[in-house]
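> Starting off with a structure, shown below.
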Amino acid sequence: MTPLETIKTAISSLGANKLRSGLALLGIVIGVTAVITLMSIGRGTTEQITGIIQGLGTNLLFVQPEGDGAQLTLGDADALVDPVYAPTVLAAAPEIRAFATLSAGHESTSGQVVGVTPEYLAARNLALASGMFIKFPHVDNRDEVIVLGSNVAEQLFGNRDPIGEYVRLNARRFRVVGLLESQGGGGFGTFDTQVLIPITTAYYRLSGERTTTGDIAVNLINVQVRDIEEIDRSIEETSGVLRLRHRIAEEDDFTVISQQSTIETLEETTNTLVVFLGVIAGISLLVGGIGIMNIMLVSVTERTREIGIRRAMGAKRRDILFQFVAEAAALSIGGGLLGAGLGFWMSNALDGSTMGTQTFTTSFGTEFAALALVVSAGIGLFFGIYPAIRASRLHPIDALRYE
């Protein structure tokens, strides 16, 4: 038999049992659809988070205390902006973080409060939707003013303009002077769910932690580098200044992390997650392959006399083998193609959709579809080869005698 005749015979045999073939096909369709959809969701989430972090600027360093009793201070931040010892540093923006309850009228919410300086706006690449940012007089006078994230503003004031309104923060009245532009998502890595106040106000109203020298302790110093090409040099300069200030001879009591390294670490982690999601979804492909094997074994048993007649009429073992392999391949490849189309549709349908408080972001990749098709074809052939070999090994006389 020619390959074309083998394929026609295989399709004709599958068509003779439409329901059974359809159910075997469905297992592969579901498996491929699950693989493509889950991997698209994983990649979309990765791209969303990475985009948010990149939007904050890649020319950014984060300086954090490291070790028991380690502290950073406002004085450390001021010292980093030194044209002699740290010429690559454009700005240093310290911050104090705390959680607090915010309320306005009958509405209330909990969120993260960040005490900042005026340099924070440019250092973190933030934008204002309305109003103004925290100024130096606000910091000097410890003013009770506040800049709201978009989600916080919506929760407390709805669609009203919050500028000039008052918010209670731990029972103290803060005047709203600014509203941050929405970064989207409202989750990890965004300022939509945060509020900003002067760093001195945060210290005297929320933190109150001083160092042994009497300086104000901060949780983090954001260091803005003049040129992204000078990141490594800036890390060395920043470390050198802090070692001098802290009189360090051996192990540093701080750590300096670049925004770029954060992005790379995140991408490695999320890529692993995407692969893990694909493997989990691939289990359903395995189940589909087992379904194909089961169907093919049943088909061999039912068609024993047919195989005997064909062998008696001159069909060779390889003709029988190729026919059953072709049937398994038709089921797996056909199911793979249908699953790829359905997976593409599902990815687009889920993009931007909301389930509860979770908004899905998907990113369909042709490599996902190609991988799923290759795997589905491989699974179909793997699970179809044994029934095919079993059919080809049937002795013609024994097959003809089979009832």
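Order determines the names: the first chain of the structure tokens is A, the second B, and so forth; residues in each chain are numbered 1 upward, and ligands are numbered 1 upward as they are shown.
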Using DSSP on the backbone, list every residue of stretch 35-107 of chain A that comes out as alpha helix (DSSP H), and give them as a list of chain:residue names.
A:Val35, A:Ile36, A:Thr37, A:Leu38, A:Met39, A:Ser40, A:Ile41, A:Gly42, A:Arg43, A:Gly44, A:Thr45, A:Thr46, A:Glu47, A:Gln48, A:Ile49, A:Thr50, A:Gly51, A:Ile52, A:Ile53, A:Gln54, A:Gly55, A:Leu74, A:Gly75, A:Asp76, A:Ala77, A:Asp78, A:Ala79, A:Leu80
> List the neighbours of stretch 232-247 of chain A out to 12 Å using only C-alpha atoms; skip same-chain residues closer than 4 positions along the sequence, and give me the result as a VMD selection string.
chain A and resid 59 to 65 70 to 73 75 to 92 211 213 221 to 228 251 to 261
> If we count only C-alpha atoms and set the cut-off at 7 Å, which residues sit around A:Gly336, ignoring sequence neighbours fewer than 4 positions away in its own chain? Please answer as a PDB file with N, CA and C atoms, in the first residue's frame.

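This is the output file around.pdb:
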```
ATOM      1  N   ILE A  28      -6.929  14.698  23.776  1.00  0.00           N
ATOM      2  CA  ILE A  28      -5.788  15.462  23.264  1.00  0.00           C
ATOM      3  C   ILE A  28      -6.138  16.947  23.151  1.00  0.00           C
ATOM      4  N   VAL A  29      -7.349  17.251  22.688  1.00  0.00           N
ATOM      5  CA  VAL A  29      -7.778  18.648  22.555  1.00  0.00           C
ATOM      6  C   VAL A  29      -7.710  19.368  23.900  1.00  0.00           C
ATOM      7  N   VAL A  32      -3.926  19.866  25.018  1.00  0.00           N
ATOM      8  CA  VAL A  32      -3.223  20.928  24.291  1.00  0.00           C
ATOM      9  C   VAL A  32      -3.772  22.297  24.671  1.00  0.00           C
ATOM     10  N   SER A 332      -3.959  12.086  17.339  1.00  0.00           N
ATOM     11  CA  SER A 332      -3.141  12.990  18.147  1.00  0.00           C
ATOM     12  C   SER A 332      -2.884  14.313  17.429  1.00  0.00           C
ATOM     13  N   ALA A 340      -4.753  23.581  19.644  1.00  0.00           N
ATOM     14  CA  ALA A 340      -3.978  24.803  19.432  1.00  0.00           C
ATOM     15  C   ALA A 340      -4.903  25.973  19.087  1.00  0.00           C
ATOM     16  N   LEU A 373       1.893  20.846  19.915  1.00  0.00           N
ATOM     17  CA  LEU A 373       1.638  19.972  18.772  1.00  0.00           C
ATOM     18  C   LEU A 373       2.665  18.846  18.692  1.00  0.00           C
ATOM     19  N   SER A 376       1.991  16.432  21.570  1.00  0.00           N
ATOM     20  CA  SER A 376       0.774  15.639  21.339  1.00  0.00           C
ATOM     21  C   SER A 376       1.015  14.587  20.256  1.00  0.00           C
TER      22      SER A 376
END
```
> Write down as a list of chain:residue names the residues belonging to stretch 202-353 of chain A that are assigned strand (DSSP E) by DSSP computed on the backbone.
A:Ala217, A:Val218, A:Leu220, A:Ile221, A:Asn222, A:Val223, A:Gln224, A:Val225, A:Phe254, A:Thr255, A:Val256, A:Ile257, A:Ser258
> Using only C-alpha atoms, which protein or nucleic acid residues come within 10 Å of A:Leu23? Drop anything in the same chain fewer than 5 positions from it, and give the result as number ranges by chain.
A: 18, 28-29, 288, 291-292, 295, 331
> Between A:Leu74, A:Leu337, A:Met313, A:Ala349, which one has atoms that come closest to A:Ser40, using only C-alpha atoms?
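Closest residue, counting only C-alpha atoms: A:Ala349.
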> Using atom CA of A:Ala122 and atom CA of A:Leu169 as the two end points, give the distance in Å to one decimal.
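For atom CA of A:Ala122 relative to atom CA of A:Leu169, the distance reads 25.3 Å.
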> Which residue gives the smallest distance to A:Met39 among A:Ile134, A:Ala281, A:Val147, A:Ile333, with only C-alpha atoms counted?
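Of A:Ile134, A:Ala281, A:Val147, A:Ile333, the one nearest A:Met39, counting only C-alpha atoms, is A:Ala281.
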> Using only C-alpha atoms, can you tell me which of A:Leu350, A:Val218, A:Ile389, A:Val35 comes closest to A:Phe276?
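Among A:Leu350, A:Val218, A:Ile389, A:Val35, it is A:Val35 that comes nearest to A:Phe276.
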> Which of these, A:Ala127, A:Leu285, A:Leu121, A:Leu102, has the shortest distance to A:Phe157 once you count only C-alpha atoms?
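Of A:Ala127, A:Leu285, A:Leu121, A:Leu102, the one nearest A:Phe157 is A:Leu102, counting only C-alpha atoms.
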> Which residues are close to A:Pro387, i.e. within 12 Å by only C-alpha atoms, leaving aside same-chain residues fewer than 4 positions away? Reply as a ChimeraX atom specification.
/A:290,292-301,303-304,320-328,380-383,391-394
> One number please: atom CA of A:Phe360 to atom CA of A:Val274, in Å, one decimal.
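Interatomic distance here is 14.6 Å.
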> Please determine, counting only C-alpha atoms, which residue among A:Gln48, A:Ile36, A:Leu338, A:Arg97 has the shortest atom-to-atom distance to A:Ile280.
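Selected residue with least distance to A:Ile280: A:Ile36.
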> Which residues are close to stretch 192-205 of chain A, i.e. within 6 Å by only C-alpha atoms, leaving aside same-chain residues fewer than 5 positions away? Reply as a ChimeraX atom specification.
/A:111-117,139,142,146-152,182,186
